[in-house]
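query-v9.cif follows (mmCIF, N, CA and C atoms):
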```
data_protein
loop_
_atom_site.group_PDB
_atom_site.id
_atom_site.type_symbol
_atom_site.label_atom_id
_atom_site.label_comp_id
_atom_site.auth_asym_id
_atom_site.auth_seq_id
_atom_site.Cartn_x
_atom_site.Cartn_y
_atom_site.Cartn_z
ATOM 1 N N MET A 1 13.550 -6.473 -5.133
ATOM 2 C CA MET A 1 12.637 -5.349 -5.072
ATOM 3 C C MET A 1 11.279 -5.728 -5.649
ATOM 4 N N ALA A 2 11.288 -6.307 -6.843
ATOM 5 C CA ALA A 2 10.025 -6.641 -7.494
ATOM 6 C C ALA A 2 9.297 -7.759 -6.752
ATOM 7 N N LEU A 3 10.062 -8.729 -6.247
ATOM 8 C CA LEU A 3 9.434 -9.835 -5.519
ATOM 9 C C LEU A 3 8.817 -9.345 -4.213
ATOM 10 N N THR A 4 9.523 -8.470 -3.510
ATOM 11 C CA THR A 4 8.991 -7.903 -2.268
ATOM 12 C C THR A 4 7.720 -7.111 -2.536
ATOM 13 N N PHE A 5 7.737 -6.323 -3.600
ATOM 14 C CA PHE A 5 6.552 -5.540 -3.969
ATOM 15 C C PHE A 5 5.384 -6.464 -4.300
ATOM 16 N N LEU A 6 5.652 -7.505 -5.070
ATOM 17 C CA LEU A 6 4.602 -8.438 -5.462
ATOM 18 C C LEU A 6 4.011 -9.155 -4.246
ATOM 19 N N ILE A 7 4.874 -9.577 -3.320
ATOM 20 C CA ILE A 7 4.388 -10.257 -2.117
ATOM 21 C C ILE A 7 3.534 -9.319 -1.275
ATOM 22 N N SER A 8 3.972 -8.067 -1.119
ATOM 23 C CA SER A 8 3.187 -7.126 -0.313
ATOM 24 C C SER A 8 1.839 -6.831 -0.958
ATOM 25 N N VAL A 9 1.800 -6.707 -2.282
ATOM 26 C CA VAL A 9 0.518 -6.470 -2.962
ATOM 27 C C VAL A 9 -0.409 -7.666 -2.788
ATOM 28 N N ILE A 10 0.124 -8.862 -2.914
ATOM 29 C CA ILE A 10 -0.704 -10.070 -2.761
ATOM 30 C C ILE A 10 -1.230 -10.186 -1.334
ATOM 31 N N VAL A 11 -0.366 -9.973 -0.347
ATOM 32 C CA VAL A 11 -0.787 -10.092 1.059
ATOM 33 C C VAL A 11 -1.869 -9.073 1.390
ATOM 34 N N MET A 12 -1.670 -7.824 0.991
ATOM 35 C CA MET A 12 -2.661 -6.787 1.301
ATOM 36 C C MET A 12 -3.964 -7.015 0.540
ATOM 37 N N THR A 13 -3.873 -7.481 -0.688
ATOM 38 C CA THR A 13 -5.087 -7.764 -1.455
ATOM 39 C C THR A 13 -5.882 -8.892 -0.811
ATOM 40 N N VAL A 14 -5.204 -9.927 -0.387
ATOM 41 C CA VAL A 14 -5.899 -11.043 0.272
ATOM 42 C C VAL A 14 -6.494 -10.577 1.598
ATOM 43 N N PHE A 15 -5.732 -9.800 2.378
ATOM 44 C CA PHE A 15 -6.238 -9.336 3.671
ATOM 45 C C PHE A 15 -7.505 -8.509 3.506
ATOM 46 N N TRP A 16 -7.449 -7.475 2.661
ATOM 47 C CA TRP A 16 -8.631 -6.618 2.507
ATOM 48 C C TRP A 16 -9.741 -7.328 1.733
ATOM 49 N N GLY A 17 -9.386 -8.300 0.910
ATOM 50 C CA GLY A 17 -10.410 -9.122 0.262
ATOM 51 C C GLY A 17 -11.170 -9.967 1.273
ATOM 52 N N VAL A 18 -10.450 -10.496 2.262
ATOM 53 C CA VAL A 18 -11.100 -11.271 3.326
ATOM 54 C C VAL A 18 -11.978 -10.364 4.174
ATOM 55 N N VAL A 19 -11.459 -9.182 4.535
ATOM 56 C CA VAL A 19 -12.243 -8.256 5.363
ATOM 57 C C VAL A 19 -13.516 -7.821 4.639
ATOM 58 N N GLY A 20 -13.415 -7.526 3.352
ATOM 59 C CA GLY A 20 -14.581 -7.022 2.619
ATOM 60 C C GLY A 20 -15.433 -8.077 1.966
ATOM 61 N N GLY A 21 -14.884 -9.268 1.752
ATOM 62 C CA GLY A 21 -15.636 -10.281 1.022
ATOM 63 C C GLY A 21 -16.041 -11.504 1.819
ATOM 64 N N VAL A 22 -15.278 -11.838 2.858
ATOM 65 C CA VAL A 22 -15.565 -13.055 3.622
ATOM 66 C C VAL A 22 -16.203 -12.737 4.975
ATOM 67 N N VAL A 23 -15.648 -11.761 5.677
ATOM 68 C CA VAL A 23 -16.150 -11.430 7.014
ATOM 69 C C VAL A 23 -17.637 -11.041 7.002
ATOM 70 N N PRO A 24 -18.136 -10.299 6.003
ATOM 71 C CA PRO A 24 -19.568 -9.969 6.021
ATOM 72 C C PRO A 24 -20.497 -11.184 6.028
ATOM 73 N N TRP A 25 -20.030 -12.337 5.549
ATOM 74 C CA TRP A 25 -20.868 -13.535 5.569
ATOM 75 C C TRP A 25 -21.051 -14.089 6.978
ATOM 76 N N PHE A 26 -20.184 -13.687 7.920
ATOM 77 C CA PHE A 26 -20.251 -14.200 9.278
ATOM 78 C C PHE A 26 -20.904 -13.236 10.258
ATOM 79 N N ILE A 27 -21.467 -12.156 9.764
ATOM 80 C CA ILE A 27 -22.179 -11.211 10.623
ATOM 81 C C ILE A 27 -23.539 -11.818 10.953
ATOM 82 N N PRO A 28 -23.872 -11.895 12.234
ATOM 83 C CA PRO A 28 -25.153 -12.517 12.600
ATOM 84 C C PRO A 28 -26.347 -11.675 12.149
ATOM 85 N N LYS A 29 -27.450 -12.360 11.956
ATOM 86 C CA LYS A 29 -28.677 -11.673 11.546
ATOM 87 C C LYS A 29 -29.127 -10.730 12.650
ATOM 88 N N GLY A 30 -29.624 -9.608 12.246
ATOM 89 C CA GLY A 30 -30.093 -8.620 13.206
ATOM 90 C C GLY A 30 -30.551 -7.375 12.470
ATOM 91 N N PRO A 31 -31.059 -6.402 13.220
ATOM 92 C CA PRO A 31 -31.597 -5.206 12.560
ATOM 93 C C PRO A 31 -30.520 -4.336 11.915
ATOM 94 N N ASN A 32 -29.273 -4.435 12.370
ATOM 95 C CA ASN A 32 -28.201 -3.590 11.830
ATOM 96 C C ASN A 32 -27.222 -4.356 10.950
ATOM 97 N N ARG A 33 -27.623 -5.543 10.511
ATOM 98 C CA ARG A 33 -26.714 -6.361 9.710
ATOM 99 C C ARG A 33 -26.327 -5.666 8.419
ATOM 100 N N GLY A 34 -27.257 -5.042 7.751
ATOM 101 C CA GLY A 34 -26.969 -4.344 6.495
ATOM 102 C C GLY A 34 -25.990 -3.204 6.683
ATOM 103 N N VAL A 35 -26.145 -2.479 7.779
ATOM 104 C CA VAL A 35 -25.241 -1.364 8.067
ATOM 105 C C VAL A 35 -23.832 -1.887 8.351
ATOM 106 N N ILE A 36 -23.732 -2.959 9.111
ATOM 107 C CA ILE A 36 -22.425 -3.513 9.468
ATOM 108 C C ILE A 36 -21.721 -4.078 8.233
ATOM 109 N N VAL A 37 -22.467 -4.765 7.387
ATOM 110 C CA VAL A 37 -21.882 -5.313 6.159
ATOM 111 C C VAL A 37 -21.419 -4.183 5.242
ATOM 112 N N THR A 38 -22.241 -3.173 5.090
ATOM 113 C CA THR A 38 -21.857 -2.016 4.275
ATOM 114 C C THR A 38 -20.616 -1.344 4.839
ATOM 115 N N MET A 39 -20.565 -1.208 6.157
ATOM 116 C CA MET A 39 -19.402 -0.596 6.805
ATOM 117 C C MET A 39 -18.141 -1.420 6.549
ATOM 118 N N LEU A 40 -18.225 -2.728 6.652
ATOM 119 C CA LEU A 40 -17.058 -3.577 6.417
ATOM 120 C C LEU A 40 -16.582 -3.501 4.973
ATOM 121 N N VAL A 41 -17.499 -3.562 4.040
ATOM 122 C CA VAL A 41 -17.118 -3.527 2.623
ATOM 123 C C VAL A 41 -16.523 -2.174 2.264
ATOM 124 N N LEU A 42 -17.153 -1.093 2.678
ATOM 125 C CA LEU A 42 -16.623 0.239 2.372
ATOM 126 C C LEU A 42 -15.276 0.487 3.051
ATOM 127 N N THR A 43 -15.122 0.005 4.274
ATOM 128 C CA THR A 43 -13.835 0.141 4.958
ATOM 129 C C THR A 43 -12.749 -0.616 4.213
ATOM 130 N N ALA A 44 -13.043 -1.827 3.801
ATOM 131 C CA ALA A 44 -12.056 -2.621 3.069
ATOM 132 C C ALA A 44 -11.680 -1.955 1.756
ATOM 133 N N VAL A 45 -12.656 -1.469 1.015
ATOM 134 C CA VAL A 45 -12.380 -0.828 -0.272
ATOM 135 C C VAL A 45 -11.569 0.446 -0.087
ATOM 136 N N CYS A 46 -11.975 1.286 0.841
ATOM 137 C CA CYS A 46 -11.277 2.563 1.053
ATOM 138 C C CYS A 46 -9.854 2.354 1.573
ATOM 139 N N CYS A 47 -9.680 1.464 2.542
ATOM 140 C CA CYS A 47 -8.336 1.221 3.080
ATOM 141 C C CYS A 47 -7.433 0.590 2.029
ATOM 142 N N TYR A 48 -7.963 -0.337 1.242
ATOM 143 C CA TYR A 48 -7.150 -0.955 0.187
ATOM 144 C C TYR A 48 -6.754 0.067 -0.870
ATOM 145 N N LEU A 49 -7.692 0.892 -1.297
ATOM 146 C CA LEU A 49 -7.358 1.907 -2.304
ATOM 147 C C LEU A 49 -6.354 2.919 -1.772
ATOM 148 N N PHE A 50 -6.497 3.319 -0.516
ATOM 149 C CA PHE A 50 -5.537 4.244 0.078
ATOM 150 C C PHE A 50 -4.148 3.620 0.105
ATOM 151 N N TRP A 51 -4.058 2.374 0.547
ATOM 152 C CA TRP A 51 -2.774 1.696 0.591
ATOM 153 C C TRP A 51 -2.196 1.536 -0.814
ATOM 154 N N LEU A 52 -3.018 1.141 -1.774
ATOM 155 C CA LEU A 52 -2.545 0.914 -3.132
ATOM 156 C C LEU A 52 -2.033 2.200 -3.760
ATOM 157 N N ILE A 53 -2.739 3.294 -3.584
ATOM 158 C CA ILE A 53 -2.289 4.571 -4.134
ATOM 159 C C ILE A 53 -0.992 5.014 -3.470
ATOM 160 N N ALA A 54 -0.891 4.828 -2.169
ATOM 161 C CA ALA A 54 0.334 5.225 -1.462
ATOM 162 C C ALA A 54 1.528 4.398 -1.905
ATOM 163 N N ILE A 55 1.348 3.092 -2.081
ATOM 164 C CA ILE A 55 2.469 2.232 -2.471
ATOM 165 C C ILE A 55 2.848 2.464 -3.925
ATOM 166 N N LEU A 56 1.875 2.714 -4.785
ATOM 167 C CA LEU A 56 2.186 2.971 -6.195
ATOM 168 C C LEU A 56 2.820 4.330 -6.395
ATOM 169 N N ALA A 57 2.490 5.294 -5.560
ATOM 170 C CA ALA A 57 3.099 6.618 -5.665
ATOM 171 C C ALA A 57 4.587 6.570 -5.337
ATOM 172 N N GLN A 58 5.008 5.585 -4.549
ATOM 173 C CA GLN A 58 6.420 5.456 -4.208
ATOM 174 C C GLN A 58 7.230 4.830 -5.328
ATOM 175 N N LEU A 59 6.572 4.158 -6.263
ATOM 176 C CA LEU A 59 7.296 3.531 -7.361
ATOM 177 C C LEU A 59 7.838 4.562 -8.345
ATOM 178 N N ASN A 60 7.078 5.591 -8.612
ATOM 179 C CA ASN A 60 7.487 6.632 -9.545
ATOM 180 C C ASN A 60 7.182 7.986 -8.922
ATOM 181 N N PRO A 61 8.070 8.471 -8.051
ATOM 182 C CA PRO A 61 7.787 9.737 -7.375
ATOM 183 C C PRO A 61 7.783 10.908 -8.357
ATOM 184 N N LEU A 62 7.009 11.928 -8.035
ATOM 185 C CA LEU A 62 6.920 13.092 -8.907
ATOM 186 C C LEU A 62 8.190 13.919 -8.868
ATOM 187 N N PHE A 63 8.855 13.949 -7.734
ATOM 188 C CA PHE A 63 10.119 14.671 -7.620
ATOM 189 C C PHE A 63 11.032 13.901 -6.682
ATOM 190 N N GLY A 64 12.316 14.006 -6.935
ATOM 191 C CA GLY A 64 13.290 13.285 -6.129
ATOM 192 C C GLY A 64 14.002 14.232 -5.181
ATOM 193 N N PRO A 65 15.013 13.738 -4.510
ATOM 194 C CA PRO A 65 15.759 14.600 -3.604
ATOM 195 C C PRO A 65 16.529 15.665 -4.379
ATOM 196 N N ALA A 66 16.598 16.857 -3.827
ATOM 197 C CA ALA A 66 17.323 17.953 -4.463
ATOM 198 C C ALA A 66 18.759 17.946 -3.955
ATOM 199 N N LEU A 67 19.667 17.402 -4.752
ATOM 200 C CA LEU A 67 21.072 17.322 -4.374
ATOM 201 C C LEU A 67 21.899 18.208 -5.298
ATOM 202 N N ARG A 68 22.947 18.787 -4.722
ATOM 203 C CA ARG A 68 23.868 19.569 -5.543
ATOM 204 C C ARG A 68 24.781 18.603 -6.296
ATOM 205 N N ASN A 69 25.421 19.096 -7.350
ATOM 206 C CA ASN A 69 26.283 18.242 -8.163
ATOM 207 C C ASN A 69 27.458 17.695 -7.371
ATOM 208 N N ASP A 70 28.084 18.512 -6.506
ATOM 209 C CA ASP A 70 29.231 18.018 -5.754
ATOM 210 C C ASP A 70 28.817 16.927 -4.758
ATOM 211 N N THR A 71 27.601 16.991 -4.236
ATOM 212 C CA THR A 71 27.107 15.926 -3.360
ATOM 213 C C THR A 71 26.911 14.638 -4.144
ATOM 214 N N ILE A 72 26.398 14.749 -5.345
ATOM 215 C CA ILE A 72 26.201 13.570 -6.193
ATOM 216 C C ILE A 72 27.546 12.946 -6.546
ATOM 217 N N TRP A 73 28.526 13.765 -6.887
ATOM 218 C CA TRP A 73 29.866 13.251 -7.194
ATOM 219 C C TRP A 73 30.469 12.569 -5.975
ATOM 220 N N TYR A 74 30.298 13.157 -4.799
ATOM 221 C CA TYR A 74 30.824 12.565 -3.560
ATOM 222 C C TYR A 74 30.193 11.208 -3.303
ATOM 223 N N LEU A 75 28.874 11.120 -3.448
ATOM 224 C CA LEU A 75 28.185 9.852 -3.235
ATOM 225 C C LEU A 75 28.627 8.813 -4.269
ATOM 226 N N ASP A 76 28.798 9.243 -5.511
ATOM 227 C CA ASP A 76 29.229 8.332 -6.566
ATOM 228 C C ASP A 76 30.622 7.797 -6.284
ATOM 229 N N LEU A 77 31.483 8.633 -5.739
ATOM 230 C CA LEU A 77 32.859 8.244 -5.475
ATOM 231 C C LEU A 77 32.970 7.299 -4.271
ATOM 232 N N HIS A 78 32.200 7.558 -3.218
ATOM 233 C CA HIS A 78 32.364 6.819 -1.964
ATOM 234 C C HIS A 78 31.295 5.768 -1.686
ATOM 235 N N TRP A 79 30.294 5.699 -2.486
ATOM 236 C CA TRP A 79 29.170 4.795 -2.209
ATOM 237 C C TRP A 79 29.224 3.588 -3.125
ATOM 238 N N ASP A 80 29.611 2.469 -2.587
ATOM 239 C CA ASP A 80 29.651 1.227 -3.385
ATOM 240 C C ASP A 80 28.809 0.169 -2.795
#
```

Write-out of the structure in structure tokens:
Amino acid sequence: MALTFLISVIVMTVFWGVVGGVVPWFIPKGPNRGVIVTMLVLTAVCCYLFWLIAILAQLNPLFGPALRNDTIWYLDLHWD
């Protein structure tokens, strides 16, 4: 679980780091270069933060499934 989480965080960080930090260097000179670079950096930051918040919210959910006690006992008895 922890290794999978760590790998996914590293992969997504590298991906959005490349989109926001490396790709803007390859935008050709032109009148809209500043707008395109700003768009790429803001897109990378916003998408990365959205993904990070969503993945971290799953680690410690605010509420869990609402199960009755007999359902929990049944799962405990039959689920190995």

Segment 5-20 of chain A: axis-aligned bounding box, 6 Å on each side, centre and edge lengths in Å, one decimal, as AutoDock Vina command-line options:
```
--center_x -3.8 --center_y -8.4 --center_z 0.0 --size_x 35.2 --size_y 17.7 --size_z 22.8
```

task: Work out how far atom CA of Trp25 of chain A is from atom CA of Val37 of chain A, in Å to one decimal.
output: 8.3 Å

query: What is the atom CA of Leu42 of chain A-atom CA of Ala54 of chain A distance in Å, reported with one decimal?
result: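 We find that atom CA of Leu42 of chain A and atom CA of Ala54 of chain A lie 18.1 Å from each other.
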
- request: For atom CA of Ile36 of chain A and atom CA of Pro24 of chain A, quote the distance in Å rounded to one decimal.
  value: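 Result for atom CA of Ile36 of chain A versus atom CA of Pro24 of chain A: 7.9 Å, one decimal.
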
message: Can you tell me which residues surround segment 39-41 of chain A at a distance of at most 8 Å, considering only N, CA and C atoms, apart from same-chain residues fewer than 2 positions away, and format the answer as a ChimeraX atom specification?
response: /A:19-21,23-24,33-37,43-47

field: Target residues per the PyMOL selection byres (((chain A and resi 4-9 and name CA) around 12) and name CA), formatted as a VMD selection string
entry: chain A and resid 1 to 3 10 to 17 48 to 49 51 to 56 58 to 59

message: Could you pull out the helix (DSSP H, G or I) residues of chain A, going by DSSP on the backbone, and write them as JSON, numbers by chain?
response: {"A": [2, 3, 4, 5, 6, 7, 8, 9, 10, 11, 12, 13, 14, 15, 16, 17, 18, 19, 20, 21, 23, 24, 25, 26, 33, 34, 35, 36, 37, 38, 39, 40, 41, 42, 43, 44, 45, 46, 47, 48, 49, 50, 51, 52, 53, 54, 55, 56, 57, 69, 70, 71, 72, 73, 74, 75, 76, 77, 78]}
